[in-house]
>>> print(open('coords-v7.txt').read())   # compact mmCIF, C-alpha atoms
# COMPACT_ATOMS: atom_id res chain seq x y z
CA MET A 1 -10.46 3.13 37.93
CA SER A 2 -7.94 1.39 35.73
CA ASP A 3 -8.95 2.90 32.41
CA ALA A 4 -6.66 5.08 30.40
CA GLY A 5 -7.82 8.66 30.00
CA ILE A 6 -10.12 9.44 27.09
CA PRO A 7 -7.52 11.69 25.43
CA ASP A 8 -5.02 8.82 25.58
CA ILE A 9 -7.45 6.40 23.96
CA GLN A 10 -8.33 8.93 21.28
CA ARG A 11 -4.68 9.54 20.50
CA TRP A 12 -3.88 5.82 20.41
CA SER A 13 -6.94 5.19 18.22
CA GLU A 14 -5.79 7.82 15.74
CA GLU A 15 -2.30 6.36 15.64
CA VAL A 16 -3.63 2.84 15.12
CA ALA A 17 -6.11 4.05 12.48
CA ARG A 18 -3.20 5.51 10.54
CA ASP A 19 -1.01 2.44 11.08
CA PRO A 20 -2.52 -0.73 12.61
CA ALA A 21 0.95 -1.86 13.69
CA ALA A 22 1.86 1.45 15.38
CA PRO A 23 3.38 0.91 18.86
CA ALA A 24 0.20 2.39 20.35
CA PHE A 25 -1.76 -0.73 19.35
CA LEU A 26 -0.68 -2.45 22.55
CA SER A 27 -1.74 0.42 24.83
CA LEU A 28 -5.03 0.76 22.99
CA ALA A 29 -5.78 -2.97 23.12
CA ARG A 30 -4.92 -3.07 26.81
CA ALA A 31 -7.15 -0.07 27.49
CA TYR A 32 -10.05 -1.71 25.63
CA ARG A 33 -9.46 -4.95 27.53
CA ARG A 34 -9.62 -3.10 30.85
CA GLN A 35 -12.88 -1.53 29.69
CA GLY A 36 -14.24 -5.00 28.97
CA ARG A 37 -14.22 -4.39 25.18
CA ARG A 38 -12.45 -7.66 24.44
CA ASP A 39 -13.67 -7.97 20.84
CA ALA A 40 -12.23 -4.57 19.99
CA ALA A 41 -8.98 -5.44 21.78
CA LEU A 42 -8.82 -8.75 19.91
CA ARG A 43 -9.31 -7.09 16.51
CA ILE A 44 -6.59 -4.54 17.22
CA CYS A 45 -4.12 -7.25 18.26
CA LEU A 46 -4.90 -9.45 15.26
CA ARG A 47 -4.52 -6.58 12.80
CA ALA A 48 -1.25 -5.47 14.36
CA LEU A 49 0.14 -9.01 14.44
CA GLU A 50 -0.64 -9.50 10.76
CA ARG A 51 1.90 -6.79 10.11
CA GLN A 52 4.21 -7.52 13.04
CA PRO A 53 4.07 -11.30 13.55
CA THR A 54 7.07 -11.31 15.88
CA HIS A 55 5.64 -8.86 18.42
CA VAL A 56 5.99 -10.79 21.69
CA GLU A 57 3.79 -8.59 23.86
CA GLY A 58 1.10 -8.57 21.19
CA HIS A 59 0.95 -12.38 21.17
CA ALA A 60 0.99 -12.45 24.97
CA LEU A 61 -1.94 -10.05 25.15
CA LEU A 62 -3.80 -12.05 22.50
CA ALA A 63 -3.31 -15.18 24.63
CA LEU A 64 -4.94 -13.44 27.59
CA LEU A 65 -7.82 -12.24 25.47
CA TYR A 66 -8.44 -15.77 24.19
CA LEU A 67 -8.15 -17.16 27.70
CA GLU A 68 -10.74 -14.69 28.96
CA THR A 69 -13.19 -15.74 26.29
CA GLY A 70 -12.68 -19.41 27.10
CA GLU A 71 -10.71 -20.19 23.94
CA ARG A 72 -7.91 -22.05 25.69
CA GLU A 73 -6.57 -23.81 22.58
CA LYS A 74 -6.05 -20.50 20.89
CA ALA A 75 -4.54 -19.07 24.06
CA SER A 76 -2.12 -22.03 24.14
CA ASP A 77 -1.18 -21.42 20.51
CA GLU A 78 -0.39 -17.81 21.27
CA TRP A 79 1.71 -18.70 24.31
CA ALA A 80 3.55 -21.28 22.21
CA THR A 81 4.29 -18.50 19.70
CA VAL A 82 5.51 -16.28 22.51
CA LEU A 83 7.90 -19.02 23.62
CA ARG A 84 9.26 -19.44 20.09
CA LEU A 85 10.05 -15.73 20.09
CA ASP A 86 11.09 -15.43 23.74
CA PRO A 87 11.92 -18.87 25.20
CA GLY A 88 12.15 -17.64 28.80
CA ASN A 89 8.86 -15.73 28.85
CA PHE A 90 7.31 -16.12 32.30
CA ASP A 91 3.70 -15.43 31.33
CA ALA A 92 3.76 -17.97 28.51
CA HIS A 93 5.35 -20.71 30.63
CA ARG A 94 2.90 -20.04 33.41
CA GLY A 95 -0.11 -19.94 31.09
CA LEU A 96 0.86 -23.17 29.34
CA GLY A 97 1.65 -24.78 32.68
CA PHE A 98 -1.87 -24.12 33.89
CA VAL A 99 -3.46 -25.27 30.63
CA TYR A 100 -1.53 -28.58 30.70
CA LEU A 101 -2.38 -29.00 34.36
CA GLU A 102 -6.04 -28.62 33.51
CA ARG A 103 -5.73 -31.23 30.80
CA GLY A 104 -4.04 -33.62 33.19
CA ASP A 105 -0.74 -33.58 31.28
CA TYR A 106 1.36 -33.28 34.42
CA ASP A 107 4.77 -33.78 32.81
CA ALA A 108 4.22 -30.94 30.35
CA ALA A 109 2.68 -28.82 33.11
CA ARG A 110 5.66 -29.44 35.37
CA ARG A 111 8.15 -28.52 32.62
CA HIS A 112 6.49 -25.18 31.95
CA LEU A 113 5.84 -24.37 35.58
CA GLU A 114 9.45 -25.15 36.49
CA GLU A 115 10.57 -22.69 33.81
CA ALA A 116 8.14 -20.10 35.17
CA ALA A 117 9.34 -20.74 38.74
CA ARG A 118 12.93 -20.26 37.60
CA VAL A 119 12.04 -16.73 36.46
CA ARG A 120 9.83 -15.87 39.45
CA PRO A 121 10.32 -18.32 42.31
CA GLU A 122 8.18 -16.15 44.61
CA ASP A 123 5.01 -16.40 42.50
CA PRO A 124 2.55 -18.23 44.80
CA ALA A 125 0.21 -19.43 42.03
CA VAL A 126 3.10 -21.00 40.13
CA ARG A 127 4.48 -22.55 43.32
CA ASP A 128 1.13 -24.13 44.19
CA ALA A 129 0.48 -25.32 40.65
CA LEU A 130 3.96 -26.82 40.45
CA ALA A 131 3.39 -28.75 43.65
CA LEU A 132 0.15 -30.05 42.14
CA ALA A 133 1.85 -31.03 38.88
CA ARG A 134 4.66 -32.81 40.74
CA ALA A 135 2.10 -34.72 42.78
CA GLY A 136 0.48 -35.85 39.56
CA GLY A 137 -2.57 -33.74 40.28
CA VAL A 138 -3.43 -35.72 43.39
CA GLY A 139 -4.36 -33.46 46.28
CA ALA A 140 -3.97 -29.77 45.85
CA PRO A 141 -1.44 -28.20 48.17
CA ALA A 142 -2.64 -26.12 51.10
CA GLY A 143 -3.82 -22.74 49.99
CA ALA A 144 -4.00 -23.73 46.35
CA SER A 145 -7.37 -25.28 45.96
CA GLY A 146 -9.16 -25.56 49.24
CA GLY A 147 -8.58 -29.31 49.29
CA ALA A 148 -9.88 -30.22 45.84
CA ALA A 149 -8.59 -33.69 45.09
CA GLY A 150 -9.21 -34.06 41.39
CA ALA A 151 -6.68 -32.87 38.89
CA SER A 152 -9.05 -30.66 37.03
CA ALA A 153 -10.57 -29.17 40.17
CA GLY A 154 -7.09 -28.46 41.48
CA ALA A 155 -6.04 -26.89 38.23
CA ASP A 156 -9.09 -24.65 38.17
CA ALA A 157 -8.39 -23.58 41.69
CA VAL A 158 -4.82 -22.52 40.97
CA MET A 159 -5.54 -21.08 37.53
CA PRO A 160 -4.84 -17.38 37.98
CA ALA A 161 -7.24 -14.74 36.79
CA ALA A 162 -6.32 -14.01 33.20
CA GLY A 163 -5.40 -10.46 34.11
CA ALA A 164 -2.87 -11.63 36.64
CA ALA A 165 -0.48 -12.59 33.89
CA GLU A 166 0.05 -8.92 33.16
CA THR A 167 0.32 -7.78 36.76
CA GLN A 168 3.67 -9.04 37.85
CA GLY A 169 6.25 -6.33 38.37
CA GLY A 170 9.11 -8.38 39.74
CA ALA A 171 12.64 -8.71 38.53
CA GLY A 172 11.63 -10.38 35.30
CA ALA A 173 9.32 -7.56 34.37
CA ALA A 174 11.85 -4.94 35.38
CA GLY A 175 14.33 -6.59 33.07
CA HIS A 176 12.13 -5.78 30.08
CA THR A 177 11.37 -2.24 31.16
CA ALA A 178 14.34 -0.39 29.70
CA SER A 179 13.24 -1.09 26.13
CA ARG A 180 9.70 0.28 26.65
CA GLU A 181 8.27 3.58 25.59
CA PRO A 182 8.28 5.98 28.57
CA ARG A 183 4.51 6.15 29.00
CA SER A 184 4.14 2.38 29.29
CA VAL A 185 6.80 1.73 31.94
CA PHE A 186 4.22 0.86 34.60
CA GLU A 187 1.73 -0.99 32.41
CA GLU A 188 2.32 -4.30 34.21
CA LEU A 189 0.64 -2.77 37.24
CA MET A 190 -2.47 -1.63 35.37
CA ALA A 191 -4.24 -4.97 35.62
CA ASP A 192 -4.84 -4.26 39.30
CA SER A 193 -8.03 -2.22 39.30
CA ARG A 194 -6.79 -0.20 42.28
CA PHE A 195 -3.77 1.09 40.35
CA LEU A 196 -4.42 4.41 38.59
CA GLY A 197 -0.97 5.00 37.16
CA ALA A 198 2.47 6.28 38.03
CA LEU A 199 4.79 9.08 36.94
CA VAL A 200 8.53 9.63 37.12
CA LEU A 201 9.33 13.33 37.65
CA ASP A 202 12.74 14.88 37.07
CA VAL A 203 14.28 17.51 39.36
CA ARG A 204 12.21 20.24 37.66
CA GLY A 205 9.00 18.29 38.15
CA ALA A 206 8.75 17.45 34.44
CA VAL A 207 7.19 14.07 33.63
CA THR A 208 9.90 11.74 32.34
CA ALA A 209 7.98 8.46 32.24
CA GLY A 210 4.62 6.93 33.03
CA THR A 211 1.12 8.33 32.95
CA LEU A 212 -1.88 8.70 35.23
CA ALA A 213 -5.24 7.38 34.14
CA MET A 214 -7.05 10.46 35.41
CA GLY A 215 -4.65 13.32 34.76
CA GLY A 216 -6.46 14.51 31.65
CA GLN A 217 -4.85 16.37 28.79
CA GLY A 218 -1.71 18.03 30.09
CA GLY A 219 -2.74 16.97 33.59
CA ASP A 220 0.33 14.83 34.16
CA ASP A 221 2.62 17.77 33.48
CA VAL A 222 0.65 20.15 35.71
CA LEU A 223 0.58 17.58 38.47
CA GLY A 224 4.29 16.92 38.04
CA ALA A 225 5.25 20.57 38.25
CA VAL A 226 3.24 21.29 41.38
CA PHE A 227 4.19 18.04 43.09
CA GLY A 228 7.82 18.97 42.47
CA GLU A 229 7.30 22.12 44.54
CA ALA A 230 5.39 20.26 47.25
CA VAL A 231 8.20 17.71 47.53
CA GLU A 232 10.72 20.52 47.95
CA GLU A 233 8.71 21.98 50.80
CA ALA A 234 8.18 18.59 52.40
CA ALA A 235 11.95 18.04 52.32
CA ARG A 236 12.46 21.43 53.97
CA LEU A 237 9.82 20.60 56.59
CA ALA A 238 11.66 17.35 57.39
CA GLY A 239 14.86 19.41 57.71
CA VAL A 240 13.30 21.98 60.07
CA LEU A 241 11.87 19.23 62.28
CA GLY A 242 15.21 17.40 62.30
CA ILE A 243 13.72 14.11 61.11
CA GLY A 244 16.23 13.48 58.33
CA ALA A 245 15.86 12.99 54.60
CA TRP A 246 12.34 12.48 53.25
CA GLN A 247 11.58 8.96 52.13
CA GLY A 248 7.98 9.15 51.03
CA ILE A 249 4.74 11.10 51.00
CA LEU A 250 1.30 9.49 51.20
CA LEU A 251 -1.69 11.60 50.19
CA HIS A 252 -5.33 10.74 50.78
CA THR A 253 -7.85 12.59 48.62
CA ASP A 254 -11.52 12.10 47.80
CA ALA A 255 -10.59 10.52 44.50
CA ALA A 256 -7.21 8.87 44.98
CA LEU A 257 -4.48 7.56 47.22
CA LEU A 258 -1.11 8.91 46.10
CA ASN A 259 2.42 7.99 47.04
CA LEU A 260 5.48 10.10 46.23
CA SER A 261 8.98 8.78 46.83
CA PRO A 262 12.56 9.49 45.72
CA LEU A 263 13.63 7.18 42.90
CA GLY A 264 17.32 8.06 42.94
CA GLY A 265 19.26 10.20 40.51
CA GLY A 266 17.11 13.20 41.46
CA TYR A 267 13.93 11.59 40.16
CA THR A 268 10.66 11.35 42.08
CA LEU A 269 8.08 8.62 41.63
CA VAL A 270 4.35 9.36 41.95
CA VAL A 271 2.01 6.37 42.23
CA ALA A 272 -1.79 6.74 42.22
CA GLY A 273 -4.38 4.29 43.50
CA THR A 274 -8.11 4.32 44.12
CA PRO A 275 -9.19 6.13 47.31
CA ASP A 276 -10.34 2.89 48.96
CA ALA A 277 -6.97 1.18 48.45
CA PRO A 278 -5.28 0.34 51.78
CA ASP A 279 -2.07 2.15 52.71
CA ASP A 280 -0.09 -1.10 52.85
CA TRP A 281 -1.27 -2.01 49.33
CA MET A 282 0.00 1.36 48.17
CA LEU A 283 3.38 0.83 49.85
CA ARG A 284 3.77 -2.58 48.19
CA THR A 285 2.67 -1.22 44.82
CA ALA A 286 5.04 1.73 45.16
CA ASP A 287 7.87 -0.76 45.83
CA ARG A 288 7.06 -2.56 42.58
CA ALA A 289 6.71 0.72 40.68
CA ARG A 290 10.09 1.86 42.05
CA ALA A 291 11.72 -1.31 40.70
CA LEU A 292 10.17 -0.69 37.27
CA GLY A 293 11.01 3.02 37.36
CA ARG A 294 14.61 2.43 38.39
CA ALA A 295 15.10 -0.22 35.73
CA PHE A 296 13.74 2.14 33.09
CA MET A 297 15.67 5.20 34.26
CA GLY A 298 18.84 3.22 34.95
CA VAL A 299 19.21 4.65 38.45
CA MET B 300 -12.37 27.47 71.75
CA SER B 301 -8.77 27.61 72.88
CA ASP B 302 -9.41 24.89 75.51
CA ARG B 303 -10.89 22.71 72.80
CA LEU B 304 -7.81 23.18 70.65
CA THR B 305 -5.44 22.52 73.55
CA ASP B 306 -7.38 19.35 74.42
CA ALA B 307 -7.17 18.19 70.83
CA VAL B 308 -3.40 18.68 70.76
CA GLY B 309 -3.04 16.95 74.12
CA ARG B 310 -5.07 13.97 72.94
CA LEU B 311 -2.91 13.57 69.85
CA SER B 312 0.33 14.02 71.80
CA ARG B 313 -0.55 11.20 74.18
CA ILE B 314 -0.74 8.57 71.44
CA PRO B 315 2.25 6.21 71.78
CA GLY B 316 5.02 7.14 69.36
CA VAL B 317 3.79 10.71 68.83
CA LEU B 318 6.51 13.28 69.49
CA GLY B 319 4.36 16.35 69.17
CA ALA B 320 1.32 17.94 67.60
CA LEU B 321 0.54 21.38 66.27
CA LEU B 322 -2.56 23.16 65.08
CA VAL B 323 -1.74 25.58 62.30
CA ASP B 324 -3.69 28.42 60.72
CA ALA B 325 -3.89 27.04 57.19
CA GLU B 326 -4.04 30.39 55.43
CA ALA B 327 -1.46 32.33 57.42
CA GLY B 328 0.83 29.37 58.08
CA LEU B 329 1.11 30.33 61.76
CA PRO B 330 1.06 27.98 64.77
CA VAL B 331 -2.13 28.33 66.82
CA VAL B 332 -1.43 25.87 69.61
CA GLY B 333 1.00 23.01 69.90
CA GLU B 334 3.36 20.77 71.81
CA LEU B 335 6.59 20.06 69.96
CA PRO B 336 9.84 18.61 71.34
CA ASP B 337 11.52 21.87 70.27
CA ASP B 338 9.03 24.75 70.36
CA SER B 339 11.46 27.10 68.65
CA VAL B 340 10.87 25.32 65.32
CA ALA B 341 7.08 25.69 65.55
CA PRO B 342 6.82 28.86 63.40
CA ALA B 343 8.97 27.43 60.59
CA ALA B 344 7.30 24.02 60.81
CA ALA B 345 3.85 25.64 60.71
CA ALA B 346 4.74 27.77 57.69
CA LEU B 347 6.22 24.87 55.73
CA ALA B 348 3.46 22.42 56.68
CA ALA B 349 0.80 24.91 55.60
CA SER B 350 2.60 25.69 52.36
CA ALA B 351 3.23 22.02 51.48
CA TYR B 352 -0.40 21.16 52.25
CA ARG B 353 -1.77 24.11 50.30
CA ARG B 354 0.36 23.47 47.22
CA THR B 355 -0.37 19.77 47.28
CA GLY B 356 -4.07 20.47 47.70
CA ARG B 357 -3.97 22.73 44.66
CA ALA B 358 -2.05 20.11 42.68
CA VAL B 359 -4.49 17.31 43.35
CA GLY B 360 -7.50 19.59 42.84
CA GLY B 361 -6.08 20.84 39.54
CA ALA B 362 -5.62 17.26 38.41
CA ASN B 363 -9.21 16.30 39.26
CA LEU B 364 -8.03 14.12 42.13
CA GLY B 365 -10.52 15.55 44.61
CA ARG B 366 -10.01 17.28 47.92
CA LEU B 367 -6.86 16.57 49.89
CA ALA B 368 -7.78 14.90 53.20
CA SER B 369 -4.37 14.10 54.63
CA PHE B 370 -0.67 14.41 53.85
CA ARG B 371 1.80 12.00 55.41
CA LEU B 372 5.54 12.59 55.16
CA GLU B 373 7.95 9.80 56.01
CA ALA B 374 11.56 10.66 56.74
CA ALA B 375 14.57 8.75 57.99
CA SER B 376 14.06 9.73 61.65
CA GLY B 377 10.38 10.52 61.89
CA GLN B 378 6.99 10.95 60.29
CA VAL B 379 4.67 13.93 59.89
CA LEU B 380 0.93 13.71 59.34
CA ILE B 381 -1.01 16.79 58.23
CA ALA B 382 -4.81 16.73 58.09
CA GLY B 383 -6.97 19.63 57.00
CA GLY B 384 -9.96 20.90 58.96
CA GLY B 385 -11.67 24.16 58.04
CA GLY B 386 -9.15 26.93 58.45
CA LEU B 387 -6.85 24.84 60.61
CA LEU B 388 -4.37 22.10 59.89
CA VAL B 389 -3.58 19.31 62.32
CA VAL B 390 0.14 18.50 62.21
CA VAL B 391 1.41 15.44 64.09
CA ILE B 392 5.06 14.38 64.36
CA ALA B 393 5.76 10.75 65.23
CA GLU B 394 8.72 8.45 65.68
CA PRO B 395 9.76 6.41 62.66
CA GLY B 396 7.92 3.12 62.39
CA THR B 397 5.01 4.28 64.55
CA PRO B 398 1.81 2.78 63.13
CA LEU B 399 -0.10 5.85 62.06
CA GLY B 400 -3.55 4.30 61.83
CA LEU B 401 -4.68 5.61 65.20
CA VAL B 402 -2.88 8.92 64.71
CA GLN B 403 -4.52 9.33 61.31
CA PHE B 404 -7.93 8.49 62.76
CA GLU B 405 -7.54 10.93 65.66
CA ALA B 406 -6.09 13.66 63.44
CA ARG B 407 -9.02 13.36 61.06
CA GLN B 408 -11.46 13.40 63.97
CA VAL B 409 -9.85 16.57 65.25
CA ALA B 410 -9.79 18.08 61.76
CA GLU B 411 -13.45 17.28 61.23
CA ALA B 412 -14.39 18.64 64.65
CA LEU B 413 -12.60 21.89 63.83
CA SER B 414 -14.13 22.34 60.41
>>> encode(input="coords-v7.txt", output="structure tokens")
Amino acid sequence: MSDAGIPDIQRWSEEVARDPAAPAFLSLARAYRRQGRRDAALRICLRALERQPTHVEGHALLALLYLETGEREKASDEWATVLRLDPGNFDAHRGLGFVYLERGDYDAARRHLEEAARVRPEDPAVRDALALARAGGVGAPAGASGGAAGASAGADAVMPAAGAAETQGGAGAAGHTASREPRSVFEELMADSRFLGALVLDVRGAVTAGTLAMGGQGGDDVLGAVFGEAVEEAARLAGVLGIGAWQGILLHTDAALLNLSPLGGGYTLVVAGTPDAPDDWMLRTADRARALGRAFMGV
Amino acid sequence: MSDRLTDAVGRLSRIPGVLGALLVDAEAGLPVVGELPDDSVAPAAAALAASAYRRTGRAVGGANLGRLASFRLEAASGQVLIAGGGGLLVVVIAEPGTPLGLVQFEARQVAEALS
């Protein structure tokens, strides 16, 4: 379940109805996109960008929406706009790199993919695509394309799912986090359908940042307050058993997999995933959420 | 019944990396049967484990997150797994870094058998 809660969507819709360029347009468009309502998401982005033509994230989301509907020229135009506004933008360099690779323009593909790799050298799709571009499209590298020899087949094989462009939570993403509104700190992680949201709680258990897709109206705050108490008792339990400071709590429920961990500065991070998500996926996702949370909170 | 509980605790305690196991009355927060490295901490551990599990269960239920099935606490020098089963909680303490897959499976089996 990756959808925002209905109350969230209603609130964002009202804000956007009043002002199409309200900051909520991005959250609303992303929520619609996750629901598969791409036309609605597209309209919201276009209306907002008419009024805010320099909104980088709006253009980046529009590029993804075009890509998902097969309109790669338009997607390329949007990524080019993103790069004019933010020359080091990873998603735009990666997207254009893949598009050029598909077209067989290996020099242009290499230039963009090298820029993307500079921002996130660990990204496996970029690494594989860059190897392909450097080889002039001849022979996809191991793991990239299953041995497809042709340039276009190789490019298709390494072309990431459109949603992947919004999923990365590495250092580059964390670098942008501090300027975000508190509820959208973890939005990069939302493209993974197993991710249900994350919250940062202060020492009183009050929600400081983030949101959960399934908390319902006021649910985040209720959850935060009671989790705050549970964490206190877990810390005392660790003390009584002599096993040192608590480092994390993993909860399995019928409807979710939850991870709680100290964020530093007295804050606690709560990450929610679908109940079928593996524990190791949750631990990796919690690591990424911690990086985003720490960058936002400055701890 | 008490043999069954003692067997369950013994089975959990024999898993490599497990330091001890405790069955706790979930409502009263009292130890029913257990094997801990330091038995003197059993009453306090039982009370806190039951309270943490109960509060967390209420929190997730109140937030429409379903029924709490297990609670795993990781600390610098150890791990604690709590699984609910009827009126009893299964509490397992393990060394840090111990893979808890088997422990979790066994604890849930015990919890289900007790419920």
>>> atom_distance(input="coords-v7.txt", atom1="atom CA of Leu304 of chain B", atom2="atom CA of Arg353 of chain B")
21.2 Å
>>> interface_residues(input="coords-v7.txt", of="chain B", to="chain A", cutoff="8 Å", atoms="all atoms listed in the file", output="PDB file with C-alpha atoms, in the coordinates of the input")
ATOM      1  CA  VAL B 340      10.870  25.320  65.320  1.00  0.00           C
ATOM      2  CA  ALA B 343       8.970  27.430  60.590  1.00  0.00           C
ATOM      3  CA  ALA B 344       7.300  24.020  60.810  1.00  0.00           C
ATOM      4  CA  LEU B 347       6.220  24.870  55.730  1.00  0.00           C
ATOM      5  CA  ALA B 348       3.460  22.420  56.680  1.00  0.00           C
ATOM      6  CA  SER B 350       2.600  25.690  52.360  1.00  0.00           C
ATOM      7  CA  ALA B 351       3.230  22.020  51.480  1.00  0.00           C
ATOM      8  CA  TYR B 352      -0.400  21.160  52.250  1.00  0.00           C
ATOM      9  CA  ARG B 354       0.360  23.470  47.220  1.00  0.00           C
ATOM     10  CA  THR B 355      -0.370  19.770  47.280  1.00  0.00           C
ATOM     11  CA  ALA B 358      -2.050  20.110  42.680  1.00  0.00           C
ATOM     12  CA  VAL B 359      -4.490  17.310  43.350  1.00  0.00           C
ATOM     13  CA  GLY B 361      -6.080  20.840  39.540  1.00  0.00           C
ATOM     14  CA  ALA B 362      -5.620  17.260  38.410  1.00  0.00           C
ATOM     15  CA  ASN B 363      -9.210  16.300  39.260  1.00  0.00           C
ATOM     16  CA  LEU B 364      -8.030  14.120  42.130  1.00  0.00           C
ATOM     17  CA  GLY B 365     -10.520  15.550  44.610  1.00  0.00           C
ATOM     18  CA  ARG B 366     -10.010  17.280  47.920  1.00  0.00           C
ATOM     19  CA  LEU B 367      -6.860  16.570  49.890  1.00  0.00           C
ATOM     20  CA  ALA B 368      -7.780  14.900  53.200  1.00  0.00           C
ATOM     21  CA  SER B 369      -4.370  14.100  54.630  1.00  0.00           C
ATOM     22  CA  PHE B 370      -0.670  14.410  53.850  1.00  0.00           C
ATOM     23  CA  ARG B 371       1.800  12.000  55.410  1.00  0.00           C
ATOM     24  CA  LEU B 372       5.540  12.590  55.160  1.00  0.00           C
ATOM     25  CA  GLU B 373       7.950   9.800  56.010  1.00  0.00           C
ATOM     26  CA  ALA B 374      11.560  10.660  56.740  1.00  0.00           C
ATOM     27  CA  ALA B 375      14.570   8.750  57.990  1.00  0.00           C
ATOM     28  CA  SER B 376      14.060   9.730  61.650  1.00  0.00           C
ATOM     29  CA  GLY B 377      10.380  10.520  61.890  1.00  0.00           C
ATOM     30  CA  GLN B 378       6.990  10.950  60.290  1.00  0.00           C
TER      31      GLN B 378
END
>>> closest_residue(input="coords-v7.txt", among="A:Arg103, A:His55, A:Arg94, A:Arg118", to="Val82 of chain A", atoms="all atoms listed in the file")
A:His55
>>> atom_distance(input="coords-v7.txt", atom1="atom CA of Pro342 of chain B", atom2="atom CA of Pro330 of chain B")
6.0 Å
>>> atom_distance(input="coords-v7.txt", atom1="atom CA of Leu67 of chain A", atom2="atom CA of Ala289 of chain A")
26.6 Å
>>> closest_residue(input="coords-v7.txt", among="B:Arg357, B:Leu322, B:Arg313, B:Arg407", to="Val390 of chain B", atoms="only C-alpha atoms")
B:Leu322
